[in-house]
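Notes follow once the structure below has been shown.
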Amino acid sequence: MTGDAGQPSGEVVVELERLCVEVAAEASRFIRDERPDRVRVAQTKSTETDVVTLMDTASERLIHERLLAARPDDGILGEEGADVAGSSGLTWVVDPIDGTVNYLYDIPAYAVSIAVVTGDVSVAGGWTVVAGAVADPSRRVVHHARRGGGSWTVAEGEGPDSRTGRALHVSDETLLARTLLATGFGYAAETRARQAEVMTRVLPAVRDIRRIGSAALDLVRVAEGTVDAYAEAGLNPWDLAAGWLLVEEAGGVVTGTGRHPGKELTVAAPPSLVDEVKALFVG
Ligand code: LIP
């Protein structure tokens with residue numbers, strides 16, 4: 001860590017991005033090619049419908065092993081419980097299968113999300129994403145970014161410096177009424193009831209909504225302009241970390257009720273739309 005104020009140097013960031021891409025691609029292949037015909041629920045978390053499959057834990061174990069082998073002094077925060085304190089000042093934030101319910105129902109909209117951050121992930125606004133990757137097993141691609149390096153999509157198995165990489169850029173939509181908005185809902189019934197009320201305000205104000213079922217893929221779609229904006233309440237750091245950087249490096253803005261995205265609200269959009277979308281959700 002030789003850059004400004006605890007930030008890794010440019011060289012190190014390039015290597016961190018490469019590791020994000022390689023490990024995300026490997027886990028992506030694993031959850032696609034080793035998916036059992038009947039995916040079993042291993043346990044449930046916040047509600048009966050907030051499930052963990054055996055493949056969520058197996059994918060997290062694979063990612064954990066690869067990251068610790070490559071970077072033994074870093075910390076890890078994983079959705080399924082991997083929680084390693086590091087001494088390097090860097091923490092890996094991992095969602096081994098984002099869109100687990102889609103994975104359970106074999107709906108091709110789930111992803112592996114891996115990001116590396118500086119700062120304290122437990123503090124809203126207390127952490128900065130340095131590099132990240134979202135691998136999409138169904139499209140066999142990996143979307144990746146490093147701070148200051150732009151956002152890209154490469155084919156699974158290709159490196160981040162592949163000449164075949166496609167540069168991502170957010171939509172140039174400026175009108176809320178023409179905005180295709182991705183959103184999502186929590187697992188708890190009372191949370192969903194509140195979110196349904198917000199939708200009575202949102203639906204008349206936008207072109208339409210899309211409920212894809214994976215925050216990581218929703219953020220990728222904002223970064224590549226295949227939706228105009230995204231907003232959801234209730235996200236955890238592992239749902240949004242890599243996608244946050246992908247959107248910012250593609251020319252978008254990611255915010256929350258305050259300046260930073262977080263549990264209360266995450267909004268991602270082009271600069272021209274972000275305040276209006278946020279106002280719809282904050283109410
Ligand atoms: C999912 C998020 C999604 C949200 C779901 C769930 P998971 O994450 O990606 O945006 O709407 O309720 O939280 O549980 O599949 O990792």
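Residues in the structure tokens are numbered from 1 in each chain, the chains being A, B, ... in the order shown, and ligands are numbered from 1 in the order shown.
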Long-range neighbours of Gly78 of chain A as a PyMOL selection string, 10 Å cut-off, only C-alpha atoms, 4 positions minimum in chain
chain A and resi 57+60-61+63-64+82-84+92-96+114+237-238
Limited to all heavy atoms, could you put the picked residues into a file as a compact mmCIF listing (two decimals), in the first residue's frame?
```
# COMPACT_ATOMS: atom_id res chain seq x y z
N THR A 57 -22.67 -21.61 -0.41
CA THR A 57 -21.56 -21.82 0.54
C THR A 57 -20.34 -22.42 -0.18
O THR A 57 -19.21 -22.04 0.12
CB THR A 57 -22.01 -22.75 1.69
OG1 THR A 57 -22.83 -23.78 1.16
CG2 THR A 57 -22.82 -21.99 2.72
N GLU A 60 -18.65 -19.61 -2.08
CA GLU A 60 -17.93 -18.71 -1.17
C GLU A 60 -16.62 -19.36 -0.69
O GLU A 60 -15.58 -18.69 -0.60
CB GLU A 60 -18.78 -18.31 0.03
CG GLU A 60 -18.08 -17.30 0.94
CD GLU A 60 -19.04 -16.42 1.71
OE1 GLU A 60 -19.82 -15.69 1.09
OE2 GLU A 60 -19.02 -16.50 2.95
N ARG A 61 -16.67 -20.67 -0.43
CA ARG A 61 -15.46 -21.37 0.02
C ARG A 61 -14.37 -21.30 -1.07
O ARG A 61 -13.21 -21.00 -0.79
CB ARG A 61 -15.80 -22.83 0.33
CG ARG A 61 -14.90 -23.47 1.37
CD ARG A 61 -15.37 -24.85 1.89
NE ARG A 61 -16.18 -25.62 0.96
CZ ARG A 61 -17.50 -25.82 1.12
NH1 ARG A 61 -18.14 -25.28 2.14
NH2 ARG A 61 -18.18 -26.55 0.26
N ILE A 63 -14.02 -19.06 -3.48
CA ILE A 63 -13.53 -17.69 -3.61
C ILE A 63 -12.59 -17.34 -2.45
O ILE A 63 -11.50 -16.79 -2.65
CB ILE A 63 -14.73 -16.70 -3.65
CG1 ILE A 63 -15.56 -16.94 -4.92
CG2 ILE A 63 -14.27 -15.25 -3.55
CD1 ILE A 63 -16.92 -16.24 -4.91
N HIS A 64 -12.99 -17.74 -1.28
CA HIS A 64 -12.23 -17.49 -0.05
C HIS A 64 -10.83 -18.10 -0.18
O HIS A 64 -9.81 -17.45 0.05
CB HIS A 64 -13.03 -18.14 1.07
CG HIS A 64 -12.61 -17.81 2.43
ND1 HIS A 64 -13.21 -18.36 3.54
CD2 HIS A 64 -11.64 -16.98 2.91
CE1 HIS A 64 -12.63 -17.92 4.62
NE2 HIS A 64 -11.70 -17.09 4.27
N ALA A 82 -18.19 -15.74 5.53
CA ALA A 82 -16.72 -15.62 5.55
C ALA A 82 -16.39 -14.24 6.10
O ALA A 82 -16.80 -13.23 5.54
CB ALA A 82 -16.16 -15.75 4.13
N ASP A 83 -15.69 -14.21 7.21
CA ASP A 83 -15.38 -12.92 7.84
C ASP A 83 -13.95 -13.01 8.39
O ASP A 83 -13.73 -13.57 9.44
CB ASP A 83 -16.39 -12.66 8.98
CG ASP A 83 -16.49 -11.17 9.26
OD1 ASP A 83 -15.67 -10.42 8.69
OD2 ASP A 83 -17.35 -10.78 10.06
N VAL A 84 -13.00 -12.50 7.61
CA VAL A 84 -11.59 -12.60 7.99
C VAL A 84 -11.05 -11.20 8.21
O VAL A 84 -11.19 -10.34 7.35
CB VAL A 84 -10.78 -13.28 6.86
CG1 VAL A 84 -9.29 -13.31 7.19
CG2 VAL A 84 -11.31 -14.66 6.55
N TRP A 92 -11.79 -7.77 0.95
CA TRP A 92 -12.55 -8.31 -0.18
C TRP A 92 -14.01 -8.45 0.25
O TRP A 92 -14.29 -9.00 1.32
CB TRP A 92 -11.96 -9.65 -0.62
CG TRP A 92 -10.58 -9.50 -1.15
CD1 TRP A 92 -9.41 -9.45 -0.42
CD2 TRP A 92 -10.20 -9.31 -2.52
NE1 TRP A 92 -8.34 -9.25 -1.25
CE2 TRP A 92 -8.80 -9.17 -2.55
CE3 TRP A 92 -10.92 -9.28 -3.72
CZ2 TRP A 92 -8.10 -8.98 -3.74
CZ3 TRP A 92 -10.22 -9.10 -4.90
CH2 TRP A 92 -8.83 -8.94 -4.90
N VAL A 93 -14.93 -7.93 -0.57
CA VAL A 93 -16.37 -7.98 -0.25
C VAL A 93 -17.02 -8.88 -1.30
O VAL A 93 -17.00 -8.55 -2.49
CB VAL A 93 -16.98 -6.56 -0.25
CG1 VAL A 93 -18.45 -6.60 0.10
CG2 VAL A 93 -16.23 -5.67 0.74
N VAL A 94 -17.56 -10.02 -0.84
CA VAL A 94 -17.90 -11.12 -1.73
C VAL A 94 -19.36 -11.54 -1.65
O VAL A 94 -19.87 -11.80 -0.56
CB VAL A 94 -17.01 -12.34 -1.39
CG1 VAL A 94 -17.44 -13.58 -2.17
CG2 VAL A 94 -15.53 -12.03 -1.62
N ASP A 95 -20.03 -11.61 -2.81
CA ASP A 95 -21.35 -12.25 -2.88
C ASP A 95 -21.20 -13.45 -3.81
O ASP A 95 -21.09 -13.29 -5.02
CB ASP A 95 -22.42 -11.29 -3.42
CG ASP A 95 -23.84 -11.83 -3.17
OD1 ASP A 95 -23.98 -13.08 -3.10
OD2 ASP A 95 -24.78 -11.04 -3.05
N PRO A 96 -21.17 -14.69 -3.24
CA PRO A 96 -20.86 -15.89 -4.04
C PRO A 96 -21.93 -16.24 -5.06
O PRO A 96 -21.61 -16.79 -6.11
CB PRO A 96 -20.71 -16.97 -2.98
CG PRO A 96 -21.50 -16.48 -1.82
CD PRO A 96 -21.40 -14.99 -1.83
N ILE A 114 -17.47 -9.69 -6.75
CA ILE A 114 -16.27 -9.60 -5.92
C ILE A 114 -15.69 -8.19 -6.04
O ILE A 114 -15.49 -7.70 -7.15
CB ILE A 114 -15.21 -10.62 -6.38
CG1 ILE A 114 -15.73 -12.06 -6.24
CG2 ILE A 114 -13.91 -10.45 -5.56
CD1 ILE A 114 -14.75 -13.13 -6.73
N PRO A 237 -23.49 -4.55 1.80
CA PRO A 237 -22.29 -4.19 1.03
C PRO A 237 -21.94 -5.18 -0.09
O PRO A 237 -21.58 -4.77 -1.18
CB PRO A 237 -21.19 -4.16 2.09
CG PRO A 237 -21.92 -3.82 3.36
CD PRO A 237 -23.26 -4.49 3.25
N TRP A 238 -22.13 -6.50 0.15
CA TRP A 238 -21.75 -7.48 -0.87
C TRP A 238 -22.67 -7.43 -2.09
O TRP A 238 -22.26 -7.84 -3.17
CB TRP A 238 -21.74 -8.90 -0.27
CG TRP A 238 -22.90 -9.22 0.60
CD1 TRP A 238 -24.15 -9.54 0.19
CD2 TRP A 238 -22.94 -9.25 2.02
NE1 TRP A 238 -24.98 -9.76 1.26
CE2 TRP A 238 -24.26 -9.58 2.39
CE3 TRP A 238 -21.99 -9.00 3.01
CZ2 TRP A 238 -24.65 -9.68 3.73
CZ3 TRP A 238 -22.37 -9.10 4.35
CH2 TRP A 238 -23.67 -9.44 4.69
```
What are the DSSP strand (DSSP E) residues of segment 84-195 of chain A, as a VMD selection string?
chain A and resid 84 90 to 98 111 to 119 127 to 136 141 to 146 151 to 155 166 to 167 180 to 183
Write out as a list in words all residues of segment 109-197 of chain A that DSSP puts in alpha helix (DSSP H) for this structure's backbone.
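So the alpha helix (DSSP H) residues in segment 109-197 of chain A would be Ala189, Glu190, Thr191, Arg192, Ala193, Arg194, Gln195, Ala196 and Glu197 of chain A.
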With 6 Å as the cut-off and only C-alpha atoms and all ligand atoms counted, what is the closest atom pair between each nearby residue of chain A and ligand 1? Distances in Å to one decimal, ordered by chain and number, as JSON lines.
```
{"residue": "A:Asp98", "atom": "CA", "partner": "ligand 1", "partner_atom_place_in_ligand_line": "16 (O)", "distance": 3.9}
{"residue": "A:Gly99", "atom": "CA", "partner": "ligand 1", "partner_atom_place_in_ligand_line": "15 (O)", "distance": 3.3}
{"residue": "A:Thr100", "atom": "CA", "partner": "ligand 1", "partner_atom_place_in_ligand_line": "15 (O)", "distance": 3.9}
{"residue": "A:Val101", "atom": "CA", "partner": "ligand 1", "partner_atom_place_in_ligand_line": "15 (O)", "distance": 6.0}
{"residue": "A:Gly184", "atom": "CA", "partner": "ligand 1", "partner_atom_place_in_ligand_line": "11 (O)", "distance": 3.9}
{"residue": "A:Phe185", "atom": "CA", "partner": "ligand 1", "partner_atom_place_in_ligand_line": "11 (O)", "distance": 4.5}
{"residue": "A:Gly186", "atom": "CA", "partner": "ligand 1", "partner_atom_place_in_ligand_line": "12 (O)", "distance": 4.3}
{"residue": "A:Tyr187", "atom": "CA", "partner": "ligand 1", "partner_atom_place_in_ligand_line": "12 (O)", "distance": 5.6}
{"residue": "A:Gly213", "atom": "CA", "partner": "ligand 1", "partner_atom_place_in_ligand_line": "3 (C)", "distance": 4.9}
{"residue": "A:Ser214", "atom": "CA", "partner": "ligand 1", "partner_atom_place_in_ligand_line": "9 (O)", "distance": 3.5}
{"residue": "A:Ala215", "atom": "CA", "partner": "ligand 1", "partner_atom_place_in_ligand_line": "10 (O)", "distance": 3.6}
{"residue": "A:Asp239", "atom": "CA", "partner": "ligand 1", "partner_atom_place_in_ligand_line": "9 (O)", "distance": 5.5}
```
The selected residues should be written to file as a short mmCIF file (atom, residue, chain, number, x, y, z; two decimals), in the first residue's frame (atoms: N, CA, C and O atoms).
```
data_model
loop_
_atom_site.label_atom_id
_atom_site.label_comp_id
_atom_site.auth_asym_id
_atom_site.auth_seq_id
_atom_site.Cartn_x
_atom_site.Cartn_y
_atom_site.Cartn_z
N ASP A 98 -25.25 -13.84 -6.23
CA ASP A 98 -26.22 -12.76 -6.03
C ASP A 98 -27.41 -13.04 -6.95
O ASP A 98 -27.24 -13.27 -8.13
N GLY A 99 -28.61 -13.09 -6.34
CA GLY A 99 -29.78 -13.57 -7.07
C GLY A 99 -30.01 -15.04 -6.78
O GLY A 99 -30.33 -15.83 -7.66
N THR A 100 -29.84 -15.40 -5.50
CA THR A 100 -29.94 -16.81 -5.11
C THR A 100 -31.31 -17.41 -5.42
O THR A 100 -31.40 -18.57 -5.85
N VAL A 101 -32.38 -16.64 -5.29
CA VAL A 101 -33.71 -17.19 -5.59
C VAL A 101 -33.82 -17.52 -7.08
O VAL A 101 -34.36 -18.55 -7.47
N GLY A 184 -35.94 -3.57 -6.78
CA GLY A 184 -36.03 -4.88 -6.13
C GLY A 184 -36.72 -4.75 -4.78
O GLY A 184 -36.97 -3.63 -4.31
N PHE A 185 -37.04 -5.89 -4.17
CA PHE A 185 -37.79 -5.91 -2.93
C PHE A 185 -37.14 -6.84 -1.93
O PHE A 185 -36.47 -7.80 -2.31
N GLY A 186 -37.35 -6.56 -0.68
CA GLY A 186 -36.74 -7.34 0.39
C GLY A 186 -37.43 -8.68 0.59
O GLY A 186 -38.35 -9.03 -0.15
N TYR A 187 -36.98 -9.42 1.59
CA TYR A 187 -37.57 -10.74 1.88
C TYR A 187 -38.71 -10.64 2.88
O TYR A 187 -39.65 -11.43 2.83
N GLY A 213 -33.93 -9.22 -10.01
CA GLY A 213 -33.70 -10.18 -8.93
C GLY A 213 -32.25 -10.30 -8.50
O GLY A 213 -31.92 -11.17 -7.69
N SER A 214 -31.36 -9.45 -9.04
CA SER A 214 -29.96 -9.44 -8.62
C SER A 214 -29.46 -8.00 -8.65
O SER A 214 -29.33 -7.43 -9.75
N ALA A 215 -29.15 -7.45 -7.49
CA ALA A 215 -28.66 -6.07 -7.42
C ALA A 215 -27.39 -5.90 -8.26
O ALA A 215 -27.22 -4.90 -8.96
N ASP A 239 -23.93 -6.94 -1.91
CA ASP A 239 -24.83 -6.82 -3.07
C ASP A 239 -24.39 -5.69 -4.01
O ASP A 239 -24.60 -5.75 -5.21
#
```
My list of candidates is A:Val13, A:Val52, A:Val23, A:Ile107. Which is closest to Ala70 of chain A when distances are computed with only C-alpha atoms?
A:Val23
Closest pair table for segment 215-234 of chain A residues within 8 Å of segment 247-265 of chain A, only C-alpha atoms, as JSON lines:
```
{"residue": "A:Leu219", "atom": "CA", "partner": "A:Val247", "partner_atom": "CA", "distance": 6.6}
{"residue": "A:Val220", "atom": "CA", "partner": "A:Val247", "partner_atom": "CA", "distance": 7.0}
{"residue": "A:Val222", "atom": "CA", "partner": "A:Val247", "partner_atom": "CA", "distance": 6.5}
{"residue": "A:Ala223", "atom": "CA", "partner": "A:Val247", "partner_atom": "CA", "distance": 4.4}
{"residue": "A:Glu224", "atom": "CA", "partner": "A:Ala250", "partner_atom": "CA", "distance": 7.4}
{"residue": "A:Ala231", "atom": "CA", "partner": "A:Leu265", "partner_atom": "CA", "distance": 7.2}
{"residue": "A:Glu232", "atom": "CA", "partner": "A:Leu265", "partner_atom": "CA", "distance": 5.8}
{"residue": "A:Ala233", "atom": "CA", "partner": "A:Leu265", "partner_atom": "CA", "distance": 4.2}
{"residue": "A:Gly234", "atom": "CA", "partner": "A:Lys263", "partner_atom": "CA", "distance": 4.5}
```
Take the selection from the previous step and output its residues with C-alpha atoms, as a compact mmCIF listing (two decimals), in the first residue's frame.
```
# COMPACT_ATOMS: atom_id res chain seq x y z
CA LEU A 219 -26.03 -2.21 -11.40
CA VAL A 220 -24.27 -3.79 -14.41
CA VAL A 222 -27.06 0.76 -15.38
CA ALA A 223 -23.32 0.75 -16.22
CA GLU A 224 -23.94 -0.64 -19.72
CA ALA A 231 -32.98 2.00 -6.98
CA GLU A 232 -33.54 -0.38 -4.09
CA ALA A 233 -33.71 -0.23 -0.29
CA GLY A 234 -32.22 -2.93 1.95
```
